[in-house]
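Enquirer: Input structure: structure11.cif, which contains mmCIF, C-alpha atoms.
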data_input
loop_
_atom_site.label_atom_id
_atom_site.label_comp_id
_atom_site.auth_asym_id
_atom_site.auth_seq_id
_atom_site.Cartn_x
_atom_site.Cartn_y
_atom_site.Cartn_z
CA MET A 1 -102.55 75.46 -103.58
CA ASN A 2 -100.00 77.63 -101.73
CA ILE A 3 -99.09 77.02 -98.09
CA THR A 4 -100.23 79.95 -95.95
CA LYS A 5 -99.95 78.68 -92.40
CA ILE A 6 -97.87 76.16 -90.42
CA SER A 7 -98.54 75.54 -86.74
CA ALA A 8 -97.84 72.99 -84.02
CA GLU A 9 -100.15 71.53 -81.40
CA ASP A 10 -99.23 69.65 -78.22
CA ARG A 11 -101.71 66.75 -77.74
CA ARG A 12 -101.41 64.41 -74.74
CA PHE A 13 -103.57 61.44 -73.81
CA LYS A 14 -103.68 59.66 -70.47
CA LEU A 15 -103.83 55.88 -70.79
CA GLU A 16 -105.66 53.40 -68.62
CA ALA A 17 -103.63 51.78 -65.84
CA GLY A 18 -100.81 49.61 -67.15
CA ALA A 19 -101.41 50.34 -70.84
CA GLY A 20 -98.32 51.27 -72.82
CA SER A 21 -95.94 50.18 -70.06
CA ASP A 22 -92.69 48.37 -70.72
CA ALA A 23 -89.49 47.64 -68.81
CA VAL A 24 -88.18 51.17 -69.45
CA HIS A 25 -91.25 53.39 -69.88
CA SER A 26 -93.16 52.79 -66.65
CA ASP A 27 -95.49 55.82 -66.79
CA PRO A 28 -96.16 56.65 -70.44
CA VAL A 29 -98.38 59.51 -71.53
CA TYR A 30 -98.95 58.89 -75.22
CA SER A 31 -98.52 62.29 -76.87
CA PHE A 32 -98.46 63.66 -80.39
CA ALA A 33 -96.50 66.67 -81.57
CA VAL A 34 -98.90 67.68 -84.33
CA THR A 35 -98.12 69.76 -87.40
CA ARG A 36 -100.93 71.54 -89.22
CA ILE A 37 -100.21 72.90 -92.70
CA VAL A 38 -102.93 74.99 -94.35
CA LEU A 39 -103.34 75.97 -98.01
CA ASP A 40 -104.84 79.24 -99.22
CA SER A 41 -107.93 77.19 -100.15
CA GLY A 42 -108.39 76.29 -96.47
CA LEU A 43 -107.45 72.64 -96.98
CA ALA A 44 -105.28 71.40 -94.09
CA GLY A 45 -102.81 68.56 -93.64
CA THR A 46 -102.01 66.87 -90.32
CA GLY A 47 -98.68 65.32 -89.34
CA LEU A 48 -97.87 63.33 -86.21
CA VAL A 49 -94.93 62.15 -84.15
CA LEU A 50 -95.17 60.25 -80.88
CA THR A 51 -93.56 61.18 -77.56
CA MET A 52 -94.09 59.91 -74.01
CA GLY A 53 -95.34 63.18 -72.52
CA ARG A 54 -92.79 65.59 -71.06
CA GLY A 55 -90.76 67.09 -73.89
CA ASN A 56 -93.61 67.04 -76.37
CA ASP A 57 -93.59 70.83 -76.18
CA LEU A 58 -89.93 70.86 -77.25
CA VAL A 59 -90.80 69.02 -80.44
CA CYS A 60 -93.67 71.46 -81.06
CA GLY A 61 -91.22 74.33 -80.69
CA ALA A 62 -88.89 72.78 -83.24
CA ILE A 63 -91.82 72.30 -85.65
CA GLU A 64 -92.51 76.04 -85.45
CA LEU A 65 -88.85 76.83 -86.18
CA LEU A 66 -88.40 74.40 -89.07
CA GLY A 67 -91.80 74.66 -90.68
CA GLN A 68 -91.82 78.34 -91.51
CA GLN A 69 -89.50 77.67 -94.45
CA LEU A 70 -92.42 76.09 -96.30
CA LYS A 71 -94.69 79.14 -96.26
CA GLY A 72 -95.67 80.29 -99.73
CA ARG A 73 -94.75 76.99 -101.40
CA ASP A 74 -97.16 75.35 -103.83
CA ILE A 75 -97.96 71.86 -102.55
CA GLU A 76 -97.56 70.16 -105.93
CA GLU A 77 -94.28 71.94 -106.65
CA LEU A 78 -93.06 71.06 -103.16
CA MET A 79 -93.85 67.35 -103.45
CA ALA A 80 -92.56 66.96 -106.99
CA ASN A 81 -89.01 67.09 -105.62
CA PHE A 82 -89.56 66.58 -101.92
CA GLY A 83 -86.21 64.86 -101.43
CA VAL A 84 -84.44 68.18 -101.97
CA THR A 85 -86.68 69.96 -99.46
CA PHE A 86 -86.23 67.14 -96.95
CA ARG A 87 -82.46 67.46 -97.08
CA LYS A 88 -82.61 71.24 -96.81
CA LEU A 89 -84.76 71.03 -93.69
CA ALA A 90 -82.67 68.24 -92.17
CA ASP A 91 -79.51 70.25 -92.76
CA ASP A 92 -80.77 73.60 -91.49
CA VAL A 93 -77.55 75.50 -90.93
CA GLN A 94 -78.28 76.23 -87.27
CA LEU A 95 -80.75 73.57 -86.11
CA ARG A 96 -78.65 70.74 -87.58
CA TRP A 97 -76.25 71.21 -84.68
CA LEU A 98 -78.95 69.86 -82.36
CA GLY A 99 -78.93 66.51 -84.19
CA PRO A 100 -77.85 65.90 -86.78
CA HIS A 101 -80.74 63.83 -88.07
CA LYS A 102 -81.88 62.64 -84.65
CA GLY A 103 -83.60 63.82 -81.51
CA VAL A 104 -86.02 66.71 -81.18
CA VAL A 105 -85.24 68.36 -84.52
CA HIS A 106 -85.62 65.12 -86.46
CA LEU A 107 -88.92 64.35 -84.76
CA ALA A 108 -90.07 67.81 -85.78
CA LEU A 109 -89.01 67.11 -89.35
CA ALA A 110 -91.00 63.87 -89.24
CA SER A 111 -94.16 65.68 -88.14
CA ILE A 112 -93.71 68.30 -90.88
CA THR A 113 -93.00 65.68 -93.53
CA ASN A 114 -96.03 63.63 -92.55
CA ALA A 115 -98.22 66.75 -92.70
CA CYS A 116 -96.92 67.51 -96.21
CA PHE A 117 -97.84 64.04 -97.43
CA ASP A 118 -101.26 64.22 -95.77
CA LEU A 119 -101.97 67.59 -97.37
CA TRP A 120 -100.76 66.38 -100.77
CA THR A 121 -103.02 63.34 -100.73
CA LYS A 122 -106.01 65.38 -99.58
CA SER A 123 -105.40 67.92 -102.35
CA ARG A 124 -105.66 65.03 -104.82
CA GLY A 125 -108.65 63.52 -103.06
CA VAL A 126 -107.18 60.04 -102.54
CA PRO A 127 -105.81 57.94 -99.67
CA LEU A 128 -102.07 57.97 -99.13
CA TRP A 129 -101.59 54.37 -100.30
CA LYS A 130 -103.37 55.08 -103.57
CA LEU A 131 -101.36 58.22 -104.29
CA LEU A 132 -98.06 56.46 -103.61
CA LEU A 133 -99.03 53.54 -105.84
CA SER A 134 -100.00 55.94 -108.63
CA LEU A 135 -96.49 57.38 -108.81
CA SER A 136 -93.91 56.20 -111.29
CA PRO A 137 -90.63 54.80 -109.90
CA ALA A 138 -88.92 58.05 -110.90
CA GLU A 139 -91.52 60.12 -109.04
CA VAL A 140 -91.10 57.99 -105.92
CA VAL A 141 -87.34 58.42 -105.95
CA GLN A 142 -87.78 62.20 -106.20
CA LEU A 143 -89.48 62.07 -102.79
CA LEU A 144 -86.35 60.65 -101.16
CA ASP A 145 -83.09 61.93 -99.74
CA LEU A 146 -80.51 59.22 -100.48
CA SER A 147 -77.53 61.16 -99.20
CA TYR A 148 -75.02 59.15 -97.16
CA LEU A 149 -76.40 55.96 -98.70
CA GLU A 150 -74.59 56.18 -102.01
CA ASP A 151 -72.24 53.32 -101.14
CA VAL A 152 -75.18 50.88 -100.98
CA LEU A 153 -78.20 52.62 -102.56
CA ASN A 154 -77.85 55.45 -105.05
CA HIS A 155 -80.52 57.08 -107.21
CA SER A 156 -80.13 54.60 -110.08
CA GLU A 157 -80.29 51.57 -107.81
CA ALA A 158 -83.40 52.85 -106.04
CA LEU A 159 -85.04 53.42 -109.41
CA GLN A 160 -84.05 49.93 -110.53
CA LEU A 161 -85.49 48.29 -107.39
CA LEU A 162 -88.87 49.94 -107.95
CA THR A 163 -88.90 49.38 -111.72
CA ALA A 164 -88.12 45.68 -111.31
CA GLU A 165 -91.34 45.21 -109.30
CA LEU A 166 -93.65 46.80 -111.88
CA PRO A 167 -94.42 43.64 -113.92
CA SER A 168 -95.51 41.65 -110.84
CA ARG A 169 -97.37 44.36 -108.94
CA VAL A 170 -100.82 43.15 -110.00
CA SER A 171 -100.15 39.77 -108.36
CA ARG A 172 -99.81 41.51 -104.99
CA GLU A 173 -102.80 43.84 -105.23
CA GLY A 174 -105.12 41.30 -103.64
CA VAL A 175 -104.03 42.63 -100.23
CA LEU A 176 -106.12 45.73 -100.94
CA THR A 177 -109.22 43.51 -100.76
CA THR A 178 -108.21 41.00 -98.09
CA GLY A 179 -106.67 43.58 -95.76
CA TYR A 180 -103.23 43.52 -94.18
CA PRO A 181 -102.72 41.15 -91.21
CA GLY A 182 -102.04 42.63 -87.77
CA TYR A 183 -100.42 41.46 -84.57
CA ASP A 184 -101.56 42.60 -81.13
CA THR A 185 -99.12 44.36 -78.81
CA SER A 186 -101.82 45.61 -76.45
CA VAL A 187 -102.25 42.22 -74.75
CA GLY A 188 -98.79 42.12 -73.19
CA TRP A 189 -97.86 45.41 -71.53
CA TYR A 190 -95.28 45.04 -68.79
CA GLN A 191 -97.53 46.07 -65.90
CA TYR A 192 -100.33 43.65 -66.86
CA ASP A 193 -100.60 40.67 -64.53
CA ALA A 194 -101.15 37.09 -65.66
CA ALA A 195 -104.94 37.30 -65.38
CA GLN A 196 -105.07 40.47 -67.50
CA ILE A 197 -102.84 38.94 -70.17
CA GLU A 198 -104.94 35.78 -70.31
CA ASP A 199 -108.19 37.75 -70.61
CA LYS A 200 -106.84 40.07 -73.30
CA VAL A 201 -105.25 37.27 -75.35
CA LYS A 202 -108.48 35.25 -75.34
CA ARG A 203 -110.42 38.31 -76.46
CA SER A 204 -107.86 39.03 -79.16
CA LEU A 205 -107.97 35.44 -80.42
CA ASP A 206 -111.73 35.78 -80.73
CA GLU A 207 -111.16 38.94 -82.80
CA GLY A 208 -109.06 36.99 -85.31
CA PHE A 209 -105.51 37.78 -84.26
CA GLY A 210 -102.91 35.05 -84.60
CA ALA A 211 -99.82 36.85 -83.29
CA PHE A 212 -99.03 38.61 -80.02
CA LYS A 213 -96.15 40.53 -78.44
CA LEU A 214 -95.14 40.40 -74.78
CA LYS A 215 -93.06 42.99 -72.93
CA VAL A 216 -90.06 41.57 -71.07
CA GLY A 217 -86.93 43.06 -69.48
CA GLY A 218 -87.47 42.54 -65.77
CA PRO A 219 -86.11 39.78 -63.49
CA LEU A 220 -85.50 36.77 -65.71
CA ASP A 221 -87.66 34.40 -63.66
CA HIS A 222 -90.54 36.87 -63.96
CA ASP A 223 -90.06 37.18 -67.73
CA LEU A 224 -89.95 33.41 -68.17
CA ALA A 225 -93.14 32.96 -66.15
CA ARG A 226 -94.92 35.62 -68.25
CA ALA A 227 -93.66 34.01 -71.45
CA GLN A 228 -94.84 30.59 -70.33
CA GLY A 229 -98.24 32.03 -69.48
CA LEU A 230 -98.59 33.68 -72.87
CA ARG A 231 -97.61 30.54 -74.74
CA LYS A 232 -100.04 28.46 -72.68
CA VAL A 233 -103.07 30.67 -73.26
CA ALA A 234 -102.23 31.53 -76.89
CA GLY A 235 -101.47 27.96 -77.91
CA GLU A 236 -98.62 26.34 -79.76
CA LYS A 237 -99.70 27.39 -83.24
CA VAL A 238 -99.88 31.13 -82.51
CA THR A 239 -96.93 33.42 -83.27
CA ILE A 240 -95.44 35.23 -80.28
CA MET A 241 -92.67 37.85 -79.95
CA PHE A 242 -90.81 39.32 -76.98
CA ASP A 243 -89.81 42.96 -76.59
CA ALA A 244 -87.19 44.08 -74.03
CA ASN A 245 -87.33 47.79 -74.96
CA GLN A 246 -83.51 48.12 -74.70
CA GLN A 247 -83.44 47.11 -71.03
CA TRP A 248 -80.61 44.53 -71.07
CA ASN A 249 -76.89 45.04 -71.41
CA LEU A 250 -75.15 42.54 -73.68
CA PRO A 251 -74.26 39.94 -71.00
CA GLN A 252 -77.84 40.01 -69.73
CA ALA A 253 -79.24 39.79 -73.25
CA LEU A 254 -77.11 36.73 -74.07
CA VAL A 255 -78.62 34.86 -71.12
CA ALA A 256 -82.19 36.13 -71.43
CA CYS A 257 -82.53 35.55 -75.17
CA LYS A 258 -81.33 31.97 -74.90
CA GLU A 259 -83.77 31.25 -72.05
CA LEU A 260 -86.71 32.95 -73.78
CA GLY A 261 -85.89 31.09 -76.97
CA ALA A 262 -87.44 27.99 -75.39
CA PHE A 263 -90.89 29.47 -76.10
CA ARG A 264 -90.17 29.70 -79.84
CA PRO A 265 -90.69 33.43 -80.40
CA LEU A 266 -90.50 34.80 -83.91
CA TRP A 267 -88.14 37.47 -82.64
CA ILE A 268 -86.59 39.20 -79.64
CA GLU A 269 -87.10 42.94 -80.04
CA GLU A 270 -84.79 45.75 -78.91
CA PRO A 271 -82.63 43.54 -76.67
CA THR A 272 -80.09 46.24 -75.82
CA HIS A 273 -79.08 49.85 -76.49
CA PRO A 274 -80.21 50.87 -80.01
CA ASP A 275 -76.91 52.60 -80.82
CA ASP A 276 -74.82 49.50 -80.07
CA ILE A 277 -74.65 47.78 -83.44
CA PHE A 278 -71.70 45.55 -82.45
CA ALA A 279 -73.62 44.24 -79.41
CA HIS A 280 -76.54 43.30 -81.64
CA GLN A 281 -74.17 41.61 -84.06
CA THR A 282 -72.58 39.59 -81.25
CA LEU A 283 -75.98 38.66 -79.85
CA ALA A 284 -77.44 37.67 -83.21
CA LYS A 285 -74.60 35.23 -83.83
CA ALA A 286 -74.92 33.74 -80.35
CA ILE A 287 -78.67 33.08 -80.45
CA ALA A 288 -79.13 32.11 -84.11
CA PRO A 289 -81.47 30.99 -85.60
CA LEU A 290 -83.60 33.07 -83.20
CA ALA A 291 -84.00 36.45 -84.90
CA LEU A 292 -83.57 40.00 -83.61
CA ALA A 293 -85.97 42.82 -84.48
CA LEU A 294 -85.28 46.53 -84.05
CA GLY A 295 -85.97 49.99 -85.40
CA GLU A 296 -88.30 51.72 -82.96
CA HIS A 297 -85.45 53.87 -81.66
CA VAL A 298 -83.25 53.99 -84.76
CA PRO A 299 -83.43 57.64 -85.79
CA ASN A 300 -82.28 57.78 -89.40
CA ARG A 301 -81.51 55.94 -92.62
CA VAL A 302 -77.74 55.93 -92.01
CA ILE A 303 -77.99 53.89 -88.80
CA PHE A 304 -80.42 51.54 -90.52
CA LYS A 305 -77.87 51.15 -93.31
CA ASN A 306 -75.22 50.17 -90.76
CA TYR A 307 -77.53 47.65 -89.08
CA LEU A 308 -78.31 46.06 -92.44
CA GLN A 309 -74.64 45.97 -93.35
CA SER A 310 -73.87 44.21 -90.07
CA GLY A 311 -76.21 41.34 -90.96
CA CYS A 312 -77.66 41.10 -87.45
CA VAL A 313 -81.31 42.06 -88.05
CA GLY A 314 -83.99 39.53 -88.90
CA PHE A 315 -86.91 41.97 -88.96
CA LEU A 316 -86.66 45.73 -89.51
CA GLN A 317 -89.08 48.03 -87.66
CA PRO A 318 -88.79 51.57 -89.04
CA ASP A 319 -91.35 54.09 -87.84
CA CYS A 320 -92.36 57.19 -89.80
CA THR A 321 -92.87 59.00 -86.48
CA ARG A 322 -89.28 58.30 -85.40
CA LEU A 323 -87.49 58.61 -88.73
CA GLY A 324 -87.85 61.83 -90.70
CA GLY A 325 -91.37 60.90 -91.73
CA ILE A 326 -92.89 59.04 -94.67
CA SER A 327 -90.08 59.99 -97.05
CA GLU A 328 -87.31 58.48 -94.93
CA PHE A 329 -89.50 55.47 -94.13
CA ILE A 330 -89.71 54.66 -97.86
CA THR A 331 -85.95 55.11 -98.15
CA VAL A 332 -85.36 52.59 -95.36
CA SER A 333 -87.86 50.18 -96.94
CA LEU A 334 -85.85 50.27 -100.16
CA LEU A 335 -82.65 49.65 -98.21
CA ALA A 336 -84.27 46.66 -96.52
CA LYS A 337 -85.43 45.32 -99.88
CA LYS A 338 -81.90 45.44 -101.21
CA PHE A 339 -80.60 43.54 -98.18
CA GLY A 340 -83.49 41.05 -98.20
CA VAL A 341 -84.82 41.93 -94.74
CA PRO A 342 -88.60 42.09 -94.07
CA VAL A 343 -90.11 45.38 -92.87
CA ILE A 344 -92.64 45.21 -90.02
CA PRO A 345 -93.11 48.82 -88.83
CA HIS A 346 -93.31 49.99 -85.26
CA VAL A 347 -96.53 52.00 -84.96
CA GLY A 348 -95.84 55.18 -83.04
CA ASP A 349 -98.74 56.61 -85.03
CA MET A 350 -101.02 53.84 -83.69
CA GLY A 351 -100.99 52.32 -87.18
CA GLN A 352 -102.83 55.20 -88.82
CA ILE A 353 -100.12 56.07 -91.40
CA HIS A 354 -98.37 52.71 -91.47
CA GLN A 355 -101.51 50.94 -92.65
CA HIS A 356 -100.97 52.87 -95.89
CA LEU A 357 -97.21 52.35 -96.01
CA VAL A 358 -97.29 48.55 -95.65
CA LEU A 359 -99.57 48.41 -98.70
CA PHE A 360 -97.02 50.43 -100.67
CA ASN A 361 -94.20 48.23 -99.35
CA ARG A 362 -96.03 45.08 -100.38
CA ILE A 363 -97.26 46.13 -103.80
CA ALA A 364 -94.64 48.60 -105.08
CA ILE A 365 -91.46 47.37 -103.37
CA GLY A 366 -92.31 43.68 -103.21
CA HIS A 367 -91.77 43.14 -99.51
CA PRO A 368 -93.35 39.97 -98.12
CA GLU A 369 -96.79 40.26 -96.53
CA GLU A 370 -95.93 39.81 -92.86
CA PHE A 371 -98.07 41.73 -90.37
CA LEU A 372 -98.43 45.18 -88.81
CA GLU A 373 -98.39 46.03 -85.13
CA TYR A 374 -101.75 46.93 -83.58
CA ILE A 375 -102.09 49.30 -80.59
CA PRO A 376 -105.68 50.54 -80.14
CA HIS A 377 -105.33 52.90 -77.17
CA LEU A 378 -105.80 56.19 -79.06
CA SER A 379 -108.32 55.03 -81.65
CA SER A 380 -111.13 57.13 -80.17
CA HIS A 381 -109.15 60.32 -80.81
CA PHE A 382 -108.91 59.92 -84.61
CA VAL A 383 -111.48 61.09 -87.14
CA HIS A 384 -110.88 57.89 -89.15
CA PRO A 385 -109.42 55.26 -86.79
CA VAL A 386 -107.93 52.10 -88.24
CA ASP A 387 -110.50 49.44 -89.07
CA LEU A 388 -109.51 45.95 -87.89
CA ARG A 389 -111.67 42.99 -88.88
CA ASP A 390 -110.74 39.37 -88.24
CA GLY A 391 -107.29 40.54 -87.21
CA ARG A 392 -106.63 42.40 -90.49
CA TYR A 393 -106.26 46.09 -91.24
CA GLN A 394 -108.93 47.05 -93.75
CA THR A 395 -107.75 49.26 -96.60
CA PRO A 396 -108.60 52.91 -95.81
CA GLN A 397 -110.69 54.75 -98.38
CA GLU A 398 -110.74 58.33 -97.07
CA ALA A 399 -108.48 60.95 -98.65
CA GLY A 400 -105.28 61.61 -96.71
CA SER A 401 -103.04 59.59 -94.42
CA SER A 402 -105.62 58.93 -91.66
CA THR A 403 -103.95 61.38 -89.24
CA ASP A 404 -106.74 63.88 -88.50
CA LEU A 405 -107.50 64.09 -84.78
CA LEU A 406 -110.80 64.96 -83.13
#
Can you give me the file's structure in the form of structure tokens?

Expert:
Amino acid sequence: MNITKISAEDRRFKLEAGAGSDAVHSDPVYSFAVTRIVLDSGLAGTGLVLTMGRGNDLVCGAIELLGQQLKGRDIEELMANFGVTFRKLADDVQLRWLGPHKGVVHLALASITNACFDLWTKSRGVPLWKLLLSLSPAEVVQLLDLSYLEDVLNHSEALQLLTAELPSRVSREGVLTTGYPGYDTSVGWYQYDAAQIEDKVKRSLDEGFGAFKLKVGGPLDHDLARAQGLRKVAGEKVTIMFDANQQWNLPQALVACKELGAFRPLWIEEPTHPDDIFAHQTLAKAIAPLALALGEHVPNRVIFKNYLQSGCVGFLQPDCTRLGGISEFITVSLLAKKFGVPVIPHVGDMGQIHQHLVLFNRIAIGHPEEFLEYIPHLSSHFVHPVDLRDGRYQTPQEAGSSTDLL
């Protein structure tokens, strides 16, 4: 059960024309910086983080630098108090200077963390969701680094949040049978024309989806025409969302959000620069009750704390391939629970890991059952791709976190 080898692999996948495009990322190459952690038994864990192509090798290099500290560790001993290890890696005395807790080194930490969880679940022979749900509240809290959150969420409060949900957990376990609902992002990429959007939405409706996301952030007239087209083909009863991918400045966002609000979206996502909390606060007040969603480019729990404190976020979108992995994702989910904000993850992992995490969020933390983003473009590259039926993620049964690549 001891770790004998840690390595990184640079995997890049060319997408079909227009897929993955938004107002900022016009030529994406979906790429994974992959961590492989091997035990002396030969059992291996796989961790992922997403990049857009160039620079993926930098993250792989950081994985090699950070990961060597885990050699020789017993996987059970490591995971029994993973929060301590997480903080030690995040605060590496030399590499911390390159962050801290953001950028290339934090992405590397995420890949390593996700590989540790995958290996742990495989060593126990269960899916990630099942292992997480088998843990006591105290064991869950030991996985987390709550540093810099003590003013709003300390160890005792985190334990209390989880313990309070224990009596009602059984009432939420039905989601394991029914599956977790999804929404389809792949119908509305920025470079898709009206005919492509209409064709893909109709197909997605036939597959059972009832919610769709459209990329915006170009000339306002163009965005409004695309929004009108989506609403027309999807129908009035379907849920739609708009995603600007940080393209607007605040004055532009104030105008665009009010105009797009006419199509009754559930949210406007990433309307401006992700570091500008005050701009989001100003915007949220101006366009209420229309909600803002964000999190795809929020790098750590501290910034999420500040966003929640500001009261400007209607839907939180943490991503375990942008944060420091599964551990920090759970930390942010607990923060969101305390502030009463729903968690609807961004799926930089293509939903492979997050299909497990939303089940934990729902059952163990008591978050509402909303839906999970669906992006199918890399499904053929996974050993166990997500299984969507009637627009719902089916509960995975294979051991691990569904991250093994072909």

Enquirer: What would the list of residues within 8 Å of (-98.8, 51.7, -99.9) (file frame) look like as a list in words, if all atoms listed in the file are what count?

Expert: Leu128, Trp129, Lys130, Leu132, Leu133, Gln355, His356, Leu357, Val358, Leu359, Phe360, Asn361, Arg362, Ile363 and Ala364 of chain A

Enquirer: Hey, could you make a per-residue contact list for range 264-362 of chain A against range 210-230 of chain A with 10 Å as the cut-off, showing the nearest pair of atoms and its distance in Å to one decimal, counting all atoms listed in the file, sorted by chain and number, as JSON lines?

Expert:
{"residue": "A:Pro265", "atom": "CA", "partner": "A:Lys213", "partner_atom": "CA", "distance": 9.2}
{"residue": "A:Leu266", "atom": "CA", "partner": "A:Ala211", "partner_atom": "CA", "distance": 9.6}
{"residue": "A:Trp267", "atom": "CA", "partner": "A:Lys213", "partner_atom": "CA", "distance": 9.5}
{"residue": "A:Ile268", "atom": "CA", "partner": "A:Val216", "partner_atom": "CA", "distance": 9.5}
{"residue": "A:Glu269", "atom": "CA", "partner": "A:Lys215", "partner_atom": "CA", "distance": 9.3}
{"residue": "A:Pro271", "atom": "CA", "partner": "A:Gly217", "partner_atom": "CA", "distance": 8.4}
{"residue": "A:Thr272", "atom": "CA", "partner": "A:Gly217", "partner_atom": "CA", "distance": 9.9}

Enquirer: For Leu98 in chain A, which residue among A:Gly208, A:Glu157, A:Ala44, A:Ala62 is the nearest when counting all atoms listed in the file?

Expert: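 Nearest candidate to Leu98 in chain A out of A:Gly208, A:Glu157, A:Ala44, A:Ala62: A:Ala62.
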
Enquirer: Write out as a list in words each polymer residue whose atoms come within 8 Å of His384 in chain A, counting all atoms listed in the file; drop sequence neighbours fewer than 4 positions from it.

Expert: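 Residues near the query, excluding close chain neighbours: Glu398, Ser402, Thr403 and Asp404 of chain A.
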
Enquirer: With C-alpha atoms retained, write the just-selected residues as an mmCIF file, keeping the file's coordinate frame.

Expert:
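In the end it all went to selection_3.cif:
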data_model
loop_
_atom_site.group_PDB
_atom_site.id
_atom_site.type_symbol
_atom_site.label_atom_id
_atom_site.label_comp_id
_atom_site.auth_asym_id
_atom_site.auth_seq_id
_atom_site.Cartn_x
_atom_site.Cartn_y
_atom_site.Cartn_z
ATOM 1 C CA GLU A 398 -110.740 58.330 -97.070
ATOM 2 C CA SER A 402 -105.620 58.930 -91.660
ATOM 3 C CA THR A 403 -103.950 61.380 -89.240
ATOM 4 C CA ASP A 404 -106.740 63.880 -88.500
#

Enquirer: Please expand the PyMOL selection byres ((chain A and resi 350) around 7) into the concrete residues it hits in this file, giving the result as JSON, numbers by chain.

Expert: {"A": [347, 348, 349, 351, 352, 374, 375, 376]}

Enquirer: Quick one, how far is CA of Thr239 in chain A from CA of Ser21 in chain A?

Expert: 21.4 Å

Enquirer: When distances are computed from all atoms listed in the file, which of A:Arg301, A:Arg172, A:His354, A:Arg264 shows the smallest separation from Glu369 in chain A?

Expert: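 Answer, going by the shortest atom-to-atom distance: A:Arg172.
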
Enquirer: Evaluate the PyMOL selection byres ((chain A and resi 146) around 12) on the structure here and hand back the selected residues as a ChimeraX atom specification.

Expert: /A:82-84,86-87,140-145,147-159,300-302,305,327-332,334-335

Enquirer: Please enumerate the residues selected by the PyMOL selection byres ((chain A and resi 95) around 10) when evaluated against the supplied file, formatted as a ChimeraX atom specification.

Expert: /A:62,65-66,89-94,96-101,104-106

Enquirer: Hey, can you spit out that residue selection with C-alpha atoms as a short mmCIF file (atom, residue, chain, number, x, y, z; two decimals), in the frame of the given file?

Expert:
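Contents of out_15.cif, freshly written:
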data_model
loop_
_atom_site.label_atom_id
_atom_site.label_comp_id
_atom_site.auth_asym_id
_atom_site.auth_seq_id
_atom_site.Cartn_x
_atom_site.Cartn_y
_atom_site.Cartn_z
CA ALA A 62 -88.89 72.78 -83.24
CA LEU A 65 -88.85 76.83 -86.18
CA LEU A 66 -88.40 74.40 -89.07
CA LEU A 89 -84.76 71.03 -93.69
CA ALA A 90 -82.67 68.24 -92.17
CA ASP A 91 -79.51 70.25 -92.76
CA ASP A 92 -80.77 73.60 -91.49
CA VAL A 93 -77.55 75.50 -90.93
CA GLN A 94 -78.28 76.23 -87.27
CA ARG A 96 -78.65 70.74 -87.58
CA TRP A 97 -76.25 71.21 -84.68
CA LEU A 98 -78.95 69.86 -82.36
CA GLY A 99 -78.93 66.51 -84.19
CA PRO A 100 -77.85 65.90 -86.78
CA HIS A 101 -80.74 63.83 -88.07
CA VAL A 104 -86.02 66.71 -81.18
CA VAL A 105 -85.24 68.36 -84.52
CA HIS A 106 -85.62 65.12 -86.46
#

Enquirer: Could you tell me which of A:Ala286, A:Cys257, A:Val24, A:Ala115 comes closest to Gly67 in chain A if we count all atoms listed in the file?

Expert: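 Nearest candidate to Gly67 in chain A out of A:Ala286, A:Cys257, A:Val24, A:Ala115: A:Ala115.
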
Enquirer: Could you list, as an NGL selection string, every residue within 7 Å of Ile75 in chain A, counting all atoms listed in the file and ignoring same-chain residues fewer than 3 positions away?

Expert: :A and (1-3 or 78-79 or 120)

Enquirer: Mind checking which residues fall within 10 Å of Cys60 in chain A, counting only C-alpha atoms, ignoring those fewer than 4 positions away in the same chain, and posting them as a VMD selection string?

Expert: chain A and resid 7 to 11 32 to 35 49 55 to 56 64 to 65 104 to 105 107 to 108 111

Enquirer: Place a sphere of radius 10 Å on (-96.1, 66.3, -70.1) in the file coordinates and name every protein, DNA or RNA residue with an atom inside or on its surface, counting only C-alpha atoms; give the answer as an NGL selection string.

Expert: :A and (10-13 or 28-31 or 51-57)

Enquirer: Next, dump the selected residues to file, keeping only C-alpha atoms, as a PDB file, in the coordinates of the input.

Expert:
ATOM      1  CA  ASP A  10     -99.230  69.650 -78.220  1.00  0.00           C
ATOM      2  CA  ARG A  11    -101.710  66.750 -77.740  1.00  0.00           C
ATOM      3  CA  ARG A  12    -101.410  64.410 -74.740  1.00  0.00           C
ATOM      4  CA  PHE A  13    -103.570  61.440 -73.810  1.00  0.00           C
ATOM      5  CA  PRO A  28     -96.160  56.650 -70.440  1.00  0.00           C
ATOM      6  CA  VAL A  29     -98.380  59.510 -71.530  1.00  0.00           C
ATOM      7  CA  TYR A  30     -98.950  58.890 -75.220  1.00  0.00           C
ATOM      8  CA  SER A  31     -98.520  62.290 -76.870  1.00  0.00           C
ATOM      9  CA  THR A  51     -93.560  61.180 -77.560  1.00  0.00           C
ATOM     10  CA  MET A  52     -94.090  59.910 -74.010  1.00  0.00           C
ATOM     11  CA  GLY A  53     -95.340  63.180 -72.520  1.00  0.00           C
ATOM     12  CA  ARG A  54     -92.790  65.590 -71.060  1.00  0.00           C
ATOM     13  CA  GLY A  55     -90.760  67.090 -73.890  1.00  0.00           C
ATOM     14  CA  ASN A  56     -93.610  67.040 -76.370  1.00  0.00           C
ATOM     15  CA  ASP A  57     -93.590  70.830 -76.180  1.00  0.00           C
TER      16      ASP A  57
END

Enquirer: Nearest residue to Lys14 in chain A out of A:Leu378, A:Ala195, A:Ala279, A:Leu58, using all atoms listed in the file?

Expert: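 Of the candidates, the smallest distance to Lys14 in chain A is held by A:Leu378.
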